[in-house]
Amino acid sequence: MNSTISRLSETADGLPWPERLWSIVTIAVSVSMSMLDTTIANVALPTIAANLHSSAAASVWVVNAYQLAVMLMVLPLASLGDIHGYRRIYMTGLAIFTVASLFCAGSVSLPMLATVRALQGVGAACLFSVNAALLRAIYPRAMLGRGLGINAFVIATSAAAGPTVAGGILAVASWRWLFLINVPLGLAAWTLALRSLPASHRMPQHFDYGSALLSALAFGLLITAIDGLGHGEDVSFIAGEFAAALVFGALFAWRQILIPFPMLPVGLFARPVFTLSVMTSICSFVAQALALVSLPFFFEHTLGLSDVQTGLLITPWPLTIAVVAPIAGRLSDRFPVGIMGGIGLAIMAIGLVAVARLQPQPAAYDVAWRMALCGFGFGFFQSPNNRAIIAATPRERSGSAGAVISTARLLGQTTGTAFVALIFGMTAESVTHRGAALAVLLGAGFAAGAAAVSSLRLMNRVPTERETRT
């Protein structure tokens with residue numbers, strides 16, 4: 001069957017239904033596994049810190065090492081996908097992720113766990129870097145938005161289920177089973193991938209190690225500087241990191257212009273739809289991170305809710321995304337992305353303002369509908385926006401489009417989290433209404449700004465498949 005799929009993927013517009021179904025299932029299992037792992041690790045940090053006799057501050061590296069590895073590796077791995085095929089990179093990522101999960105479960109110290117979590121991040125970066133490219137190969141052009149909507153549904157439901165899954169496992173077993181559960185899932189996903197994922201055309205080029213080094217230095221220094229800004233580190237040192245990140249980023253961009261096969265086709269940013277879609281994505285994820293990181297403090301310390309109530313009342317956000325995203329994906333195949341993105345992000349901004357205006361001891365319904373409104377807005381925007389980025393990219397550079405989507409998401413999330421830390425540090429009462437509500441309102445401002453940027457795309461239509469090749 002695999003050889004048949006390989007031939008079809010190179011000649012047809014997407015895969016026919018039976019083969020497409022198995023490919024969709026493969027990607028759904030892989031994406032849900034990687035998303036669940038991110039969420040459940042956050043929930044288990046206090047337990048891991050106590051078991052490995054480390055401080056709470058040091059245990060954060062269990063999360064940071066994973067995220068940093070993804071951020072540094074996603075662009076180089078997307079380039080490798082263009083060269084060696086997206087299917088091969090995806091299967092390699094599944095193998096790395098599964099083996100690293102086994103080592104995570106066997107870790108005997110925090111440094112060992114952080115190290116293998118970084119390795120696990122490399123595996124996740126393989127998946128994220130070529131996920132969009134594989135979706136483009138699996139779905140016919142007329143159904144691409146629908147496919148991205150289904151993918152967003154899987155991501156949202158996995159994120160929503162993460163805390164529940166983590167709590168259930170920790171109630172009956174040790175934290176090590178949070179990682180061991182990935183082993184059978186990873187093996188199943190790898191077996192499915194071997195039989196179902198389509199092959200792709202390969203670019204006749206060599207891997208550019210210089211570009212990989214420059215991108216790693218630029219993004220690594222940028223993320224470190226943003227994180228340091230949020231945690232109140234020395235201003236002159238942070239300024240030096242930002243300056244160095246800017247220099248390495250400029251050198252990276254200059255190198256992409258000079259070489260015949262760039263790791264990141266910077267020429268794509270000359271296309272207004274592509275640039276505006278990336279800017280919209282970054283701003284939207286800044287807004288979401290500002291809200292979701294600060295809301296637990298707002299709910300518990302300002303509204304007087306318990307930790308159980310907080311977890312339950314945040315859940316309507318990702319659940320609504322899970323419902324809305326597939327619908328929005330299908331609509332994006334018919335309606336302009338500028339309109340859909342602008343409407344969705346405006347609704348998200350309204351929802352965040354409504355959340356910030358809540359008074360202490362609110363009824364559960366009053367909180368839930370506001371959170372659902374935020375989730376509706378974000379879900380209505382996300383799938384169409386990703387479709388615009390992919391559709392504006394030549395098919396042979398689909399890996400680059402997927403890498404840009406992942407990079408924009410990670411950069412936005414990191415920046416939003418740093419803003420929360422900065423606001424909490426600057427306000428006298430960091431966990432009361434003053435700091436947390438300000439962070440939520442700032443998120444509303446970023447969502448409104450993203451809506452304005454999205455609306456600018458109405459003046460620039462998404463190019464056709466033929467136009468992206470020129």
# chains A, B, ... in the order shown; residues from 1 in each chain; ligands from 1
call {"tool": "residues_around", "arguments": {"residues": "Pro296 (chain A)", "least_positions_apart": "6", "cutoff": "10 Å", "atoms": "only C-alpha atoms", "output": "compact mmCIF listing (two decimals) with C-alpha atoms, in the first residue's frame"}}
result
# COMPACT_ATOMS: atom_id res chain seq x y z
CA THR A 302 -9.42 37.93 42.58
CA LEU A 303 -12.64 36.03 41.96
CA LEU A 305 -12.56 30.46 43.04
CA SER A 306 -10.97 27.17 44.09
CA ASP A 307 -8.27 25.45 42.05
CA GLN A 309 -13.26 25.47 39.84
CA THR A 310 -10.45 27.29 38.03
CA GLY A 311 -9.51 24.21 36.04
CA LEU A 313 -13.92 27.07 34.12
CA ILE A 314 -10.85 27.45 31.89
CA VAL A 431 -1.51 37.83 42.19
CA ALA A 436 -3.78 39.59 36.53
call {"tool": "closest_residue", "arguments": {"among": "A:Thr320, A:Gln256, A:Ser455, A:Thr414", "to": "Leu373 (chain A)", "atoms": "only C-alpha atoms"}}
result
A:Thr320
call {"tool": "residues_around", "arguments": {"residues": "region 384-400 of chain A", "least_positions_apart": "5", "cutoff": "9 Å", "atoms": "only C-alpha atoms", "output": "PyMOL selection string"}}
result
chain A and resi 75+77-82+86+129-134+136-137+141+144-145+148-149+200-203+263-265+268+271+273-275+277-278+280-281+325+328-333+336-338+340-341+405+454+462-470
call {"tool": "atom_distance", "arguments": {"atom1": "CA of Phe269 (chain A)", "atom2": "CA of Ala253 (chain A)"}}
result
11.2 Å
call {"tool": "residues_around", "arguments": {"residues": "Leu222 (chain A)", "least_positions_apart": "5", "cutoff": "8 Å", "atoms": "only C-alpha atoms", "output": "ChimeraX atom specification"}}
result
/A:241-242,245
call {"tool": "write_last_selection", "arguments": {"atoms": "N, CA and C atoms", "output": "mmCIF file, in the first residue's frame"}}
result
data_model
loop_
_atom_site.group_PDB
_atom_site.id
_atom_site.type_symbol
_atom_site.label_atom_id
_atom_site.label_comp_id
_atom_site.auth_asym_id
_atom_site.auth_seq_id
_atom_site.Cartn_x
_atom_site.Cartn_y
_atom_site.Cartn_z
ATOM 1 N N GLU A 241 21.633 40.677 24.832
ATOM 2 C CA GLU A 241 21.064 39.481 24.197
ATOM 3 C C GLU A 241 20.161 39.863 23.026
ATOM 4 N N PHE A 242 19.332 40.877 23.220
ATOM 5 C CA PHE A 242 18.472 41.331 22.122
ATOM 6 C C PHE A 242 19.304 41.816 20.936
ATOM 7 N N ALA A 245 20.830 38.852 19.211
ATOM 8 C CA ALA A 245 19.789 38.149 18.455
ATOM 9 C C ALA A 245 19.472 38.886 17.163
#
call {"tool": "select_by_dssp", "arguments": {"residues": "region 142-232 of chain A", "states": "alpha helix (DSSP H)", "output": "number ranges by chain"}}
result
A: 144-172, 177-180, 182-196, 209-230
call {"tool": "closest_residue", "arguments": {"among": "A:Leu292, A:Ala354, A:Val323, A:Ala58", "to": "Ala439 (chain A)", "atoms": "only C-alpha atoms"}}
result
A:Leu292
call {"tool": "residues_around", "arguments": {"residues": "Ile339 (chain A)", "least_positions_apart": "4", "cutoff": "9 Å", "atoms": "only C-alpha atoms", "output": "PyMOL selection string"}}
result
chain A and resi 335+343-344+454-455+457-458
call {"tool": "write_last_selection", "arguments": {"atoms": "C-alpha atoms", "output": "short mmCIF file (atom, residue, chain, number, x, y, z; two decimals), in the first residue's frame"}}
result
data_model
loop_
_atom_site.label_atom_id
_atom_site.label_comp_id
_atom_site.auth_asym_id
_atom_site.auth_seq_id
_atom_site.Cartn_x
_atom_site.Cartn_y
_atom_site.Cartn_z
CA PHE A 335 -14.69 32.86 2.34
CA ILE A 343 -14.17 38.69 13.06
CA GLY A 344 -12.67 35.88 15.14
CA SER A 454 -5.93 40.44 9.71
CA SER A 455 -8.38 42.86 8.10
CA ARG A 457 -5.55 41.05 4.08
CA LEU A 458 -8.84 41.99 2.46
#
call {"tool": "residues_around", "arguments": {"residues": "Val63 (chain A)", "least_positions_apart": "3", "cutoff": "10 Å", "atoms": "only C-alpha atoms", "output": "MDAnalysis selection string"}}
result
chainID A and resid 38:39 41:42 45 59:60 66:68 114 117:118 121
call {"tool": "write_last_selection", "arguments": {"atoms": "N, CA and C atoms", "output": "mmCIF file, in the first residue's frame"}}
result
data_model
loop_
_atom_site.group_PDB
_atom_site.id
_atom_site.type_symbol
_atom_site.label_atom_id
_atom_site.label_comp_id
_atom_site.auth_asym_id
_atom_site.auth_seq_id
_atom_site.Cartn_x
_atom_site.Cartn_y
_atom_site.Cartn_z
ATOM 1 N N THR A 38 3.066 17.951 26.415
ATOM 2 C CA THR A 38 3.369 19.316 26.825
ATOM 3 C C THR A 38 2.522 19.726 28.017
ATOM 4 N N THR A 39 1.234 19.422 27.975
ATOM 5 C CA THR A 39 0.311 19.856 29.020
ATOM 6 C C THR A 39 0.514 19.087 30.312
ATOM 7 N N ALA A 41 3.111 17.576 31.453
ATOM 8 C CA ALA A 41 4.373 17.901 32.113
ATOM 9 C C ALA A 41 4.223 19.148 32.969
ATOM 10 N N ASN A 42 3.471 20.135 32.487
ATOM 11 C CA ASN A 42 3.236 21.343 33.282
ATOM 12 C C ASN A 42 2.515 21.016 34.582
ATOM 13 N N LEU A 45 4.775 19.277 37.416
ATOM 14 C CA LEU A 45 6.015 19.893 37.880
ATOM 15 C C LEU A 45 6.204 19.832 39.402
ATOM 16 N N SER A 59 12.781 23.138 38.556
ATOM 17 C CA SER A 59 11.933 22.168 37.845
ATOM 18 C C SER A 59 11.320 22.748 36.579
ATOM 19 N N VAL A 60 11.274 24.071 36.477
ATOM 20 C CA VAL A 60 10.718 24.701 35.282
ATOM 21 C C VAL A 60 11.508 24.312 34.042
ATOM 22 N N TYR A 66 12.320 21.550 26.760
ATOM 23 C CA TYR A 66 11.487 21.027 25.675
ATOM 24 C C TYR A 66 11.139 22.133 24.685
ATOM 25 N N GLN A 67 10.633 23.267 25.205
ATOM 26 C CA GLN A 67 10.203 24.357 24.337
ATOM 27 C C GLN A 67 11.374 24.973 23.578
ATOM 28 N N LEU A 68 12.517 25.119 24.253
ATOM 29 C CA LEU A 68 13.680 25.713 23.603
ATOM 30 C C LEU A 68 14.179 24.817 22.471
ATOM 31 N N ALA A 114 15.846 16.991 32.353
ATOM 32 C CA ALA A 114 15.841 18.162 31.473
ATOM 33 C C ALA A 114 16.557 17.867 30.161
ATOM 34 N N ARG A 117 14.385 15.634 28.075
ATOM 35 C CA ARG A 117 13.236 16.425 27.621
ATOM 36 C C ARG A 117 13.620 17.284 26.411
ATOM 37 N N ALA A 118 14.869 17.781 26.399
ATOM 38 C CA ALA A 118 15.341 18.511 25.224
ATOM 39 C C ALA A 118 15.373 17.591 24.006
ATOM 40 N N GLY A 121 12.046 17.225 22.802
ATOM 41 C CA GLY A 121 11.682 18.423 22.055
ATOM 42 C C GLY A 121 12.150 18.360 20.612
#
call {"tool": "closest_residue", "arguments": {"among": "A:Ser211, A:Ile238, A:Tyr90, A:Leu438", "to": "Trp254 (chain A)", "atoms": "only C-alpha atoms"}}
result
A:Ser211
call {"tool": "closest_residue", "arguments": {"among": "A:Val355, A:Ala401, A:Cys126, A:Leu276", "to": "Ile89 (chain A)", "atoms": "only C-alpha atoms"}}
result
A:Cys126
call {"tool": "closest_residue", "arguments": {"among": "A:Ser236, A:Phe424, A:Thr164, A:Leu72", "to": "Leu214 (chain A)", "atoms": "only C-alpha atoms"}}
result
A:Leu72
call {"tool": "residues_around", "arguments": {"residues": "Gln288 (chain A)", "least_positions_apart": "3", "cutoff": "8 Å", "atoms": "only C-alpha atoms", "output": "mmCIF file with N, CA and C atoms, in the first residue's frame"}}
result
data_model
loop_
_atom_site.group_PDB
_atom_site.id
_atom_site.type_symbol
_atom_site.label_atom_id
_atom_site.label_comp_id
_atom_site.auth_asym_id
_atom_site.auth_seq_id
_atom_site.Cartn_x
_atom_site.Cartn_y
_atom_site.Cartn_z
ATOM 1 N N SER A 284 -1.820 36.959 17.915
ATOM 2 C CA SER A 284 -2.907 36.183 18.504
ATOM 3 C C SER A 284 -2.401 35.249 19.591
ATOM 4 N N PHE A 285 -1.238 34.643 19.382
ATOM 5 C CA PHE A 285 -0.696 33.740 20.399
ATOM 6 C C PHE A 285 -0.128 34.511 21.588
ATOM 7 N N ALA A 291 -3.532 35.690 28.410
ATOM 8 C CA ALA A 291 -4.760 35.327 29.108
ATOM 9 C C ALA A 291 -4.618 34.028 29.886
ATOM 10 N N LEU A 292 -4.187 32.964 29.213
ATOM 11 C CA LEU A 292 -4.209 31.644 29.845
ATOM 12 C C LEU A 292 -3.200 31.511 30.984
ATOM 13 N N GLN A 413 3.704 32.611 22.106
ATOM 14 C CA GLN A 413 3.479 32.060 23.436
ATOM 15 C C GLN A 413 4.573 32.487 24.410
ATOM 16 N N GLY A 416 4.125 36.249 25.212
ATOM 17 C CA GLY A 416 2.980 36.463 26.089
ATOM 18 C C GLY A 416 3.275 36.056 27.519
ATOM 19 N N GLY A 443 -3.926 41.303 26.826
ATOM 20 C CA GLY A 443 -4.247 40.268 25.847
ATOM 21 C C GLY A 443 -5.359 40.703 24.920
#
call {"tool": "closest_residue", "arguments": {"among": "A:Ser215, A:Leu251, A:Thr47, A:Asp208", "to": "Leu178 (chain A)", "atoms": "only C-alpha atoms"}}
result
A:Thr47
call {"tool": "atom_distance", "arguments": {"atom1": "CA of Ala346 (chain A)", "atom2": "CA of Leu312 (chain A)"}}
result
24.8 Å
call {"tool": "atom_distance", "arguments": {"atom1": "CA of Leu102 (chain A)", "atom2": "CA of Val25 (chain A)"}}
result
23.3 Å
